[in-house]
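To be precise, the following lines are coords21.cif, and they hold mmCIF, C-alpha atoms.
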data_data
#
loop_
_atom_site.label_atom_id
_atom_site.label_comp_id
_atom_site.auth_asym_id
_atom_site.auth_seq_id
_atom_site.Cartn_x
_atom_site.Cartn_y
_atom_site.Cartn_z
CA MET A 208 104.54 92.15 95.33
CA ARG A 209 107.77 93.85 96.24
CA ILE A 210 108.28 97.61 96.46
CA PHE A 211 111.88 98.71 96.90
CA LEU A 212 112.23 102.22 98.29
CA SER A 213 115.52 104.08 98.43
CA GLY A 214 116.52 107.65 99.09
CA PRO A 215 119.40 109.54 100.61
CA SER A 216 119.45 110.27 104.32
CA GLY A 217 117.34 113.34 105.12
CA VAL A 218 115.01 113.02 102.15
CA GLY A 219 112.01 112.08 104.32
CA LYS A 220 111.85 108.36 103.68
CA SER A 221 110.74 107.31 107.19
CA THR A 222 107.61 109.51 107.11
CA ILE A 223 106.78 108.16 103.66
CA ILE A 224 107.22 104.56 104.78
CA SER A 225 105.07 104.85 107.88
CA THR A 226 102.28 106.59 105.96
CA ILE A 227 102.35 104.04 103.14
CA LEU A 228 102.18 101.16 105.64
CA GLU A 229 99.23 102.80 107.43
CA ARG A 230 97.30 103.21 104.18
CA ASN A 231 98.09 99.82 102.63
CA SER A 232 97.20 97.11 105.10
CA ASP A 233 98.35 94.39 102.70
CA PHE A 234 101.93 95.71 102.97
CA ILE A 235 104.50 94.95 105.63
CA LEU A 236 107.97 96.36 106.06
CA SER A 237 110.76 93.94 105.30
CA VAL A 238 112.40 92.50 108.45
CA SER A 239 116.15 92.02 108.21
CA TYR A 240 118.51 89.53 109.76
CA THR A 241 121.35 91.12 111.69
CA THR A 242 124.40 90.24 113.76
CA ARG A 243 123.94 93.45 115.78
CA PRO A 244 122.85 92.76 119.37
CA PRO A 245 119.23 93.72 120.08
CA ARG A 246 118.63 97.13 121.60
CA LYS A 247 116.21 97.67 124.44
CA HIS A 248 112.58 97.31 123.21
CA GLU A 249 113.63 95.68 119.92
CA VAL A 250 111.55 92.57 119.27
CA GLU A 251 112.87 89.44 117.53
CA GLY A 252 111.02 88.91 114.26
CA LYS A 253 109.46 92.37 114.34
CA ASP A 254 112.42 94.73 114.30
CA TYR A 255 115.06 92.20 113.25
CA PHE A 256 115.95 88.56 113.33
CA PHE A 257 119.00 88.50 115.59
CA ILE A 258 121.58 85.88 114.64
CA THR A 259 125.28 85.22 115.19
CA HIS A 260 128.07 86.06 112.81
CA THR A 261 128.56 82.36 112.05
CA GLN A 262 124.89 81.88 111.27
CA PHE A 263 124.92 84.95 109.04
CA GLU A 264 127.96 83.72 107.11
CA ARG A 265 126.35 80.33 106.61
CA MET A 266 123.31 82.09 105.14
CA ILE A 267 125.57 84.07 102.78
CA ASP A 268 127.20 80.81 101.64
CA GLN A 269 123.76 79.30 101.04
CA GLY A 270 122.72 82.27 98.88
CA ALA A 271 119.91 82.87 101.36
CA PHE A 272 119.91 86.66 101.04
CA LEU A 273 118.04 88.88 98.63
CA GLU A 274 120.63 91.46 99.66
CA TRP A 275 123.04 91.94 102.53
CA ALA A 276 125.53 94.53 103.70
CA HIS A 277 128.24 95.32 106.19
CA VAL A 278 127.31 98.42 108.23
CA HIS A 279 129.38 99.70 111.17
CA ASN A 280 130.93 96.30 111.96
CA HIS A 281 127.63 94.45 111.78
CA LEU A 282 125.94 92.42 109.05
CA TYR A 283 122.41 93.09 107.87
CA GLY A 284 120.50 91.12 105.27
CA THR A 285 117.07 90.26 103.88
CA SER A 286 116.27 86.58 103.69
CA LEU A 287 114.79 85.51 100.38
CA SER A 288 112.82 82.68 101.97
CA TRP A 289 111.35 85.06 104.57
CA VAL A 290 110.14 87.28 101.71
CA GLU A 291 108.71 84.33 99.81
CA SER A 292 106.92 82.92 102.85
CA GLU A 293 105.28 86.31 103.55
CA GLU A 294 104.23 86.52 99.91
CA LEU A 295 102.67 83.07 100.18
CA LYS A 296 100.54 84.46 103.02
CA GLY A 297 99.32 87.11 100.58
CA ARG A 298 101.42 89.91 101.97
CA ASN A 299 103.22 92.53 99.93
CA ILE A 300 106.62 93.69 101.06
CA LEU A 301 107.98 97.22 101.31
CA PHE A 302 111.77 97.34 101.40
CA ASP A 303 113.63 100.24 103.00
CA ILE A 304 116.79 99.61 101.04
CA ASP A 305 119.93 101.41 99.92
CA VAL A 306 121.49 101.58 96.48
CA GLN A 307 123.83 98.64 97.19
CA GLY A 308 120.87 96.50 98.24
CA VAL A 309 118.97 97.42 95.09
CA ARG A 310 121.99 96.45 93.00
CA GLN A 311 122.01 92.99 94.63
CA ALA A 312 118.24 92.53 94.33
CA GLN A 313 118.48 93.38 90.63
CA GLU A 314 121.45 91.04 90.16
CA ILE A 315 119.36 88.08 91.31
CA LYS A 316 116.52 89.46 89.15
CA SER A 317 114.06 89.98 91.97
CA PRO A 318 110.67 91.05 90.65
CA GLY A 319 109.35 94.33 92.04
CA CYS A 320 109.08 98.07 91.58
CA PHE A 321 112.16 100.11 92.35
CA ILE A 322 111.47 103.64 93.62
CA PHE A 323 114.03 106.33 94.38
CA VAL A 324 113.00 109.30 96.52
CA ILE A 325 115.10 112.31 95.58
CA PRO A 326 115.32 115.87 96.89
CA PRO A 327 114.27 118.73 94.55
CA SER A 328 117.91 119.87 94.63
CA MET A 329 121.12 119.32 96.60
CA ASP A 330 120.55 122.71 98.27
CA ASP A 331 117.17 121.51 99.44
CA LEU A 332 118.73 118.38 100.95
CA ARG A 333 121.29 120.52 102.79
CA THR A 334 118.46 122.69 104.17
CA ARG A 335 116.61 119.61 105.36
CA LEU A 336 119.71 118.25 107.10
CA ASP A 337 120.37 121.73 108.57
CA LYS A 338 116.89 121.79 110.10
CA ARG A 339 117.65 118.63 112.02
CA GLY A 340 120.25 120.80 113.76
CA THR A 341 122.22 117.81 114.99
CA GLU A 342 125.00 117.85 112.44
CA ASP A 343 128.38 119.53 112.69
CA GLU A 344 129.90 120.83 109.45
CA ASN A 345 132.02 117.69 108.91
CA THR A 346 129.14 115.25 109.41
CA MET A 347 127.05 117.42 107.10
CA LYS A 348 129.70 117.30 104.40
CA THR A 349 129.95 113.50 104.69
CA ARG A 350 126.18 113.12 104.48
CA LEU A 351 125.95 115.34 101.41
CA ASP A 352 128.84 113.50 99.75
CA ASN A 353 127.14 110.17 100.49
CA ALA A 354 123.86 111.50 99.12
CA ARG A 355 125.60 112.65 95.95
CA GLN A 356 127.17 109.20 95.54
CA GLU A 357 123.81 107.48 96.06
CA LEU A 358 121.97 109.80 93.69
CA LYS A 359 124.32 108.74 90.90
CA ALA A 360 122.45 105.44 90.89
CA TRP A 361 119.16 107.05 89.77
CA ASP A 362 119.12 105.07 86.54
CA ARG A 363 118.76 101.76 88.41
CA TYR A 364 115.25 102.74 89.46
CA ASP A 365 111.93 102.39 87.63
CA PHE A 366 110.48 105.46 89.32
CA LEU A 367 111.92 108.71 90.63
CA VAL A 368 109.81 110.58 93.17
CA VAL A 369 110.81 114.16 93.86
CA ASN A 370 110.06 115.03 97.46
CA ASP A 371 108.91 118.64 96.83
CA THR A 372 106.38 118.29 99.60
CA ILE A 373 105.87 115.19 101.70
CA GLY A 374 102.21 115.09 100.68
CA SER A 375 102.88 115.00 96.96
CA ALA A 376 105.66 112.44 97.39
CA ILE A 377 103.34 110.13 99.33
CA GLN A 378 100.62 110.55 96.71
CA ASP A 379 103.09 109.73 93.92
CA ILE A 380 104.30 106.63 95.73
CA GLN A 381 100.70 105.54 96.35
CA SER A 382 100.00 105.86 92.60
CA ILE A 383 103.11 103.84 91.82
CA ILE A 384 102.04 101.09 94.26
CA ASP A 385 98.53 101.05 92.76
CA ALA A 386 100.03 100.89 89.26
CA CYS A 387 102.36 98.06 90.33
CA ARG A 388 99.27 96.13 91.41
CA CYS A 389 98.26 96.36 87.73
CA SER A 390 101.64 95.35 86.36
CA ARG A 391 101.47 92.45 83.93
CA ASP A 392 103.29 90.00 86.19
CA GLU A 393 101.04 90.78 89.18
CA VAL A 394 97.73 90.65 87.30
CA ILE A 395 98.47 87.49 85.34
CA LYS A 396 98.74 85.58 88.66
CA ARG A 397 95.03 86.26 89.23
CA LEU A 398 93.97 85.37 85.67
CA PRO A 399 94.68 81.72 84.87
CA TRP A 400 92.16 81.83 81.98
CA LEU A 401 94.27 84.48 80.22
CA LEU A 402 97.39 82.34 80.53
CA LYS A 403 95.52 79.43 78.97
CA ILE A 404 94.36 81.56 76.02
CA GLY A 405 97.92 82.47 75.00
CA MET B 99 104.57 111.07 77.58
CA ARG B 100 102.83 108.36 75.60
CA ILE B 101 100.10 106.11 76.96
CA PHE B 102 99.13 103.25 74.66
CA LEU B 103 95.71 101.78 75.44
CA SER B 104 94.42 98.58 73.88
CA GLY B 105 91.52 96.29 74.58
CA PRO B 106 89.19 94.00 72.66
CA SER B 107 85.99 95.39 71.19
CA GLY B 108 83.26 95.55 73.84
CA VAL B 109 85.58 95.89 76.82
CA GLY B 110 84.57 99.51 77.49
CA LYS B 111 87.58 101.32 76.11
CA SER B 112 85.71 104.36 74.71
CA THR B 113 84.19 105.27 78.09
CA ILE B 114 87.59 104.89 79.70
CA ILE B 115 89.26 107.09 77.09
CA SER B 116 86.74 109.92 77.30
CA THR B 117 86.89 109.95 81.11
CA ILE B 118 90.68 109.92 81.18
CA LEU B 119 90.83 112.81 78.69
CA GLU B 120 88.33 114.81 80.77
CA ARG B 121 90.38 114.31 83.94
CA ASN B 122 93.83 114.87 82.47
CA SER B 123 93.88 118.16 80.61
CA ASP B 124 97.52 117.67 79.61
CA PHE B 125 96.51 114.65 77.51
CA ILE B 126 95.15 114.60 73.99
CA LEU B 127 93.96 111.66 71.94
CA SER B 128 96.24 110.70 69.08
CA VAL B 129 94.98 111.89 65.67
CA SER B 130 95.60 109.45 62.81
CA TYR B 131 96.24 109.96 59.14
CA THR B 132 93.81 108.08 56.91
CA THR B 133 93.00 107.48 53.25
CA ARG B 134 89.31 107.05 54.18
CA PRO B 135 87.15 109.92 52.92
CA PRO B 136 85.88 112.21 55.67
CA ARG B 137 82.39 111.51 57.03
CA LYS B 138 79.93 114.28 57.70
CA HIS B 139 80.96 116.34 60.76
CA GLU B 140 84.50 114.91 60.77
CA VAL B 141 87.05 117.69 61.10
CA GLU B 142 90.48 117.65 59.47
CA GLY B 143 93.21 117.61 62.14
CA LYS B 144 90.73 116.84 64.94
CA ASP B 145 89.21 113.51 63.92
CA TYR B 146 91.79 112.57 61.28
CA PHE B 147 94.24 113.97 58.81
CA PHE B 148 92.72 113.01 55.47
CA ILE B 149 95.26 112.22 52.77
CA THR B 150 95.42 110.32 49.49
CA HIS B 151 96.64 106.78 49.02
CA THR B 152 99.74 108.08 47.22
CA GLN B 153 100.54 110.48 50.06
CA PHE B 154 100.06 107.71 52.58
CA GLU B 155 102.39 105.35 50.73
CA ARG B 156 105.03 108.03 50.48
CA MET B 157 104.82 108.46 54.28
CA ILE B 158 105.23 104.68 54.71
CA ASP B 159 108.35 104.78 52.50
CA GLN B 160 109.74 107.65 54.56
CA GLY B 161 109.23 105.70 57.80
CA ALA B 162 106.96 108.51 58.95
CA PHE B 163 104.59 106.31 60.95
CA LEU B 164 104.75 105.21 64.55
CA GLU B 165 102.31 102.53 63.42
CA TRP B 166 99.96 102.03 60.50
CA ALA B 167 97.39 99.47 59.38
CA HIS B 168 95.12 98.41 56.57
CA VAL B 169 91.49 98.36 57.78
CA HIS B 170 88.50 97.69 55.48
CA ASN B 171 90.31 98.85 52.31
CA HIS B 172 91.62 102.02 53.91
CA LEU B 173 94.94 102.95 55.47
CA TYR B 174 95.28 104.43 58.94
CA GLY B 175 98.48 105.54 60.64
CA THR B 176 99.98 107.68 63.39
CA SER B 177 102.62 110.12 62.27
CA LEU B 178 105.72 110.09 64.44
CA SER B 179 106.46 113.77 63.74
CA TRP B 180 102.88 114.75 64.70
CA VAL B 181 103.42 112.98 68.05
CA GLU B 182 106.77 114.63 68.58
CA SER B 183 105.49 118.10 67.73
CA GLU B 184 102.61 117.72 70.21
CA GLU B 185 105.09 116.55 72.84
CA LEU B 186 107.22 119.63 72.19
CA LYS B 187 104.14 121.71 73.02
CA GLY B 188 104.09 119.93 76.40
CA ARG B 189 101.19 117.65 75.56
CA ASN B 190 100.93 114.01 76.50
CA ILE B 191 99.40 111.60 74.03
CA LEU B 192 96.84 108.88 74.63
CA PHE B 193 96.78 106.24 71.89
CA ASP B 194 93.67 104.17 71.19
CA ILE B 195 95.61 101.39 69.52
CA ASP B 196 95.27 97.72 68.66
CA VAL B 197 97.69 94.89 69.26
CA GLN B 198 99.27 95.23 65.79
CA GLY B 199 99.89 98.92 66.38
CA VAL B 200 101.50 98.21 69.73
CA ARG B 201 103.77 95.65 68.08
CA GLN B 202 104.95 98.31 65.60
CA ALA B 203 105.38 100.99 68.27
CA GLN B 204 107.50 98.56 70.29
CA GLU B 205 109.54 97.57 67.22
CA ILE B 206 110.67 101.17 66.75
CA LYS B 207 111.22 101.31 70.53
CA SER B 208 108.75 104.09 71.20
CA PRO B 209 108.87 105.18 74.83
CA GLY B 210 105.59 104.99 76.73
CA CYS B 211 103.35 102.92 78.96
CA PHE B 212 101.48 100.08 77.33
CA ILE B 213 98.13 99.26 78.95
CA PHE B 214 95.79 96.41 78.00
CA VAL B 215 92.18 96.55 79.18
CA ILE B 216 90.85 93.02 79.58
CA PRO B 217 87.46 91.58 80.52
CA PRO B 218 87.18 89.62 83.80
CA SER B 219 86.44 86.54 81.65
CA MET B 220 85.46 85.58 78.10
CA ASP B 221 81.90 84.96 79.36
CA ASP B 222 81.79 88.49 80.67
CA LEU B 223 82.88 89.86 77.29
CA ARG B 224 80.14 87.83 75.58
CA THR B 225 77.56 89.28 78.00
CA ARG B 226 78.78 92.82 77.28
CA LEU B 227 78.53 92.26 73.53
CA ASP B 228 75.08 90.65 74.02
CA LYS B 229 73.85 93.73 75.86
CA ARG B 230 74.64 95.87 72.84
CA GLY B 231 71.96 93.77 71.16
CA THR B 232 73.17 94.62 67.68
CA GLU B 233 75.05 91.45 66.91
CA ASP B 234 73.81 88.35 65.13
CA GLU B 235 75.32 85.04 66.20
CA ASN B 236 77.91 85.03 63.41
CA THR B 237 79.15 88.56 64.08
CA MET B 238 79.29 87.69 67.79
CA LYS B 239 81.41 84.61 67.08
CA THR B 240 83.80 86.65 64.92
CA ARG B 241 84.11 89.34 67.59
CA LEU B 242 84.82 86.78 70.33
CA ASP B 243 87.36 84.99 68.13
CA ASN B 244 89.05 88.32 67.39
CA ALA B 245 89.06 89.19 71.09
CA ARG B 246 90.62 85.82 71.92
CA GLN B 247 93.33 86.42 69.29
CA GLU B 248 94.04 89.90 70.65
CA LEU B 249 94.12 88.76 74.26
CA LYS B 250 96.94 86.36 73.38
CA ALA B 251 99.17 89.44 73.14
CA TRP B 252 98.78 90.28 76.87
CA ASP B 253 102.50 89.80 77.51
CA ARG B 254 103.38 92.75 75.25
CA TYR B 255 101.86 95.15 77.77
CA ASP B 256 103.36 96.71 80.90
CA PHE B 257 99.99 96.87 82.63
CA LEU B 258 96.83 94.75 82.53
CA VAL B 259 93.65 96.42 83.75
CA VAL B 260 90.72 94.12 84.43
CA ASN B 261 87.48 95.92 83.66
CA ASP B 262 85.44 94.44 86.55
CA THR B 263 83.60 97.72 86.89
CA ILE B 264 84.19 100.75 84.74
CA GLY B 265 84.90 102.83 87.86
CA SER B 266 87.69 100.60 89.12
CA ALA B 267 89.20 100.30 85.63
CA ILE B 268 89.31 104.08 85.26
CA GLN B 269 90.86 104.44 88.72
CA ASP B 270 93.52 101.83 87.86
CA ILE B 271 94.36 103.58 84.61
CA GLN B 272 94.55 106.93 86.40
CA SER B 273 97.05 105.43 88.87
CA ILE B 274 99.08 103.99 85.99
CA ILE B 275 99.16 107.40 84.27
CA ASP B 276 100.19 109.11 87.52
CA ALA B 277 102.88 106.46 88.03
CA CYS B 278 104.11 106.92 84.45
CA ARG B 279 104.56 110.61 85.22
CA CYS B 280 107.05 109.39 87.86
CA SER B 281 108.84 106.95 85.57
CA ARG B 282 112.57 107.46 85.47
CA ASP B 283 112.68 108.64 81.85
CA GLU B 284 109.92 111.21 82.43
CA VAL B 285 111.28 112.63 85.68
CA ILE B 286 114.89 112.89 84.55
CA LYS B 287 113.79 115.37 81.83
CA ARG B 288 112.82 117.81 84.59
CA LEU B 289 116.00 117.27 86.64
CA PRO B 290 119.09 118.39 84.74
CA TRP B 291 121.05 118.65 88.01
CA LEU B 292 120.58 114.92 88.62
CA LEU B 293 121.90 114.08 85.15
CA LYS B 294 124.98 116.20 85.87
CA ILE B 295 125.64 114.42 89.17
CA GLY B 296 125.87 110.98 87.55
#
Take the structure in the file and write it out as structure tokens.
Amino acid sequence: MRIFLSGPSGVGKSTIISTILERNSDFILSVSYTTRPPRKHEVEGKDYFFITHTQFERMIDQGAFLEWAHVHNHLYGTSLSWVESEELKGRNILFDIDVQGVRQAQEIKSPGCFIFVIPPSMDDLRTRLDKRGTEDENTMKTRLDNARQELKAWDRYDFLVVNDTIGSAIQDIQSIIDACRCSRDEVIKRLPWLLKIG
Amino acid sequence: MRIFLSGPSGVGKSTIISTILERNSDFILSVSYTTRPPRKHEVEGKDYFFITHTQFERMIDQGAFLEWAHVHNHLYGTSLSWVESEELKGRNILFDIDVQGVRQAQEIKSPGCFIFVIPPSMDDLRTRLDKRGTEDENTMKTRLDNARQELKAWDRYDFLVVNDTIGSAIQDIQSIIDACRCSRDEVIKRLPWLLKIG
């Protein structure tokens, strides 16, 4: 089962993701391939799969990616066969993914639930970014503009979770995950007798 | 919000429905129109809206029904404008509905979540019907044949809930309802600012 989670920067996605992973031991976070050199403490196969530019481009040519993107001069992508092999081991995958990635995943008709975490208002998002205290006015403006651009894609998602409080957002996402476990395409896998009846 | 709940006779749907209604005070059970005469203790507008055959047929001609059916010489149907007026009062509607009704609701593209409660196996359903102890062998055969026919329609539903235990089925349906509250079309109603952004 695939859960795709998006949300603009500052909306509280990282806290949500770590809590969801703690509470759902059958879920793992998607591990991307990247051409970025490993940072200290980053572990191959846990944080990323580190590959060369040439290797990455070969994978693009082979259609090996569920989604990929160019970010700050480096390439990042999720390998479809990595996802499928984890699924074969019975694992469910949580994707921390942006709007562009979702667009690509939907283009290749990936199954899964698409969830968008949104702030209660743009003012609220500004307040959250303010509290981080690390942004100058220009960076802030860019972030808010980016968020506004991303939020325009709300209609690509099956579910919208308003992050009023982190607790209620986590509870909503847990319900969505539990509901996705009951989605027709998930349940029918476990019920061969029902397939035979039809 | 509309939750459509189906399931073959004997699967435990009535217990599920009464528990869900107890726990979700914003939900009411859909009230049907019928040409059947009222039974003792049945209350107009609570159990059914009792109307004449002529009135019912006029409503059919007007396209007034979300779904309707002929059952044992009587007509039963859900009025679309009744549903809409309840929704305007802020109520959510739970529909106890069969496969034919779901087909009609989907034909007129009613919004909503479609949930099918299914037994863990056909043997399990037979055991449940056996326990009722009121069925002769012929009635039992008819009920199982009907169930098999209904179960063929599993792919019309968004969610399949296996009634392994009544507790787990109720919990699954509660998660589905909570997830449906987060569905894009429900949430966007409460977020005019997000509509304006896009």
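One distance worth recording is that between CA of Leu258 (chain B) and CA of Ser281 (chain B), which is 17.4 Å.
Remark: for Ser266 (chain B), the closest of the candidate residues A:Val306, A:Cys389, A:Leu282, A:Glu291 is A:Cys389 (distances computed over only C-alpha atoms).
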**Message:** Taking the file as I've supplied it (selection: the PyMOL selection byres ((chain A) within 12 of (chain B))), which residues are included? Please answer as a PyMOL selection string.
**Reply:** chain A and resi 320-330+352+354-370+375-405
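The space separating CA of Arg137 (chain B) from CA of Gly175 (chain B) comes to 17.5 Å.
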**Request:** Please write as a PyMOL selection string the list of polymer residues whose atoms come within 12 Å of (103.3, 107.2, 106.0), counting all atoms listed in the file and keeping to the coordinates of the file.
**Result:** chain A and resi 219-232+234+236+301+373-378+380-381
Taking (99.0, 95.7, 67.8) in the coordinates of the supplied file, I want to know which residues reach to within 10 Å of it, counting only C-alpha atoms; could you give the answer as a short mmCIF file (atom, residue, chain, number, x, y, z; two decimals) with C-alpha atoms, in the coordinates of the input?
data_model
loop_
_atom_site.label_atom_id
_atom_site.label_comp_id
_atom_site.auth_asym_id
_atom_site.auth_seq_id
_atom_site.Cartn_x
_atom_site.Cartn_y
_atom_site.Cartn_z
CA SER B 104 94.42 98.58 73.88
CA GLU B 165 102.31 102.53 63.42
CA TRP B 166 99.96 102.03 60.50
CA ALA B 167 97.39 99.47 59.38
CA ILE B 195 95.61 101.39 69.52
CA ASP B 196 95.27 97.72 68.66
CA VAL B 197 97.69 94.89 69.26
CA GLN B 198 99.27 95.23 65.79
CA GLY B 199 99.89 98.92 66.38
CA VAL B 200 101.50 98.21 69.73
CA ARG B 201 103.77 95.65 68.08
CA GLN B 202 104.95 98.31 65.60
CA ALA B 203 105.38 100.99 68.27
CA GLN B 204 107.50 98.56 70.29
CA GLU B 248 94.04 89.90 70.65
CA ALA B 251 99.17 89.44 73.14
CA ARG B 254 103.38 92.75 75.25
#
**Asked** So which residues get picked by the PyMOL selection byres ((chain A and resi 237) around 12) here, written as a count of residues only?
**Response** 39
Please write the residues picked by the PyMOL selection byres ((chain B and resi 224) around 12) on this file as a short mmCIF file (atom, residue, chain, number, x, y, z; two decimals) with C-alpha atoms, keeping the file's coordinate frame.
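Dumped everything to out-v7.cif:
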data_model
loop_
_atom_site.label_atom_id
_atom_site.label_comp_id
_atom_site.auth_asym_id
_atom_site.auth_seq_id
_atom_site.Cartn_x
_atom_site.Cartn_y
_atom_site.Cartn_z
CA PRO B 106 89.19 94.00 72.66
CA SER B 107 85.99 95.39 71.19
CA GLY B 108 83.26 95.55 73.84
CA VAL B 109 85.58 95.89 76.82
CA PRO B 217 87.46 91.58 80.52
CA PRO B 218 87.18 89.62 83.80
CA SER B 219 86.44 86.54 81.65
CA MET B 220 85.46 85.58 78.10
CA ASP B 221 81.90 84.96 79.36
CA ASP B 222 81.79 88.49 80.67
CA LEU B 223 82.88 89.86 77.29
CA THR B 225 77.56 89.28 78.00
CA ARG B 226 78.78 92.82 77.28
CA LEU B 227 78.53 92.26 73.53
CA ASP B 228 75.08 90.65 74.02
CA LYS B 229 73.85 93.73 75.86
CA ARG B 230 74.64 95.87 72.84
CA GLY B 231 71.96 93.77 71.16
CA GLU B 233 75.05 91.45 66.91
CA GLU B 235 75.32 85.04 66.20
CA THR B 237 79.15 88.56 64.08
CA MET B 238 79.29 87.69 67.79
CA LYS B 239 81.41 84.61 67.08
CA THR B 240 83.80 86.65 64.92
CA ARG B 241 84.11 89.34 67.59
CA LEU B 242 84.82 86.78 70.33
CA ASP B 243 87.36 84.99 68.13
CA ALA B 245 89.06 89.19 71.09
CA ARG B 246 90.62 85.82 71.92
#
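Atom to atom, CA of Ile149 (chain B) and CA of Pro136 (chain B) stand 9.8 Å apart.
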**Request:** Extract, using all atoms listed in the file, all DNA, RNA and protein residues at most 8 Å from Phe257 (chain A), discarding same-chain residues fewer than 6 positions from it, and format them as a ChimeraX atom specification.
**Result:** /A:240-245,251
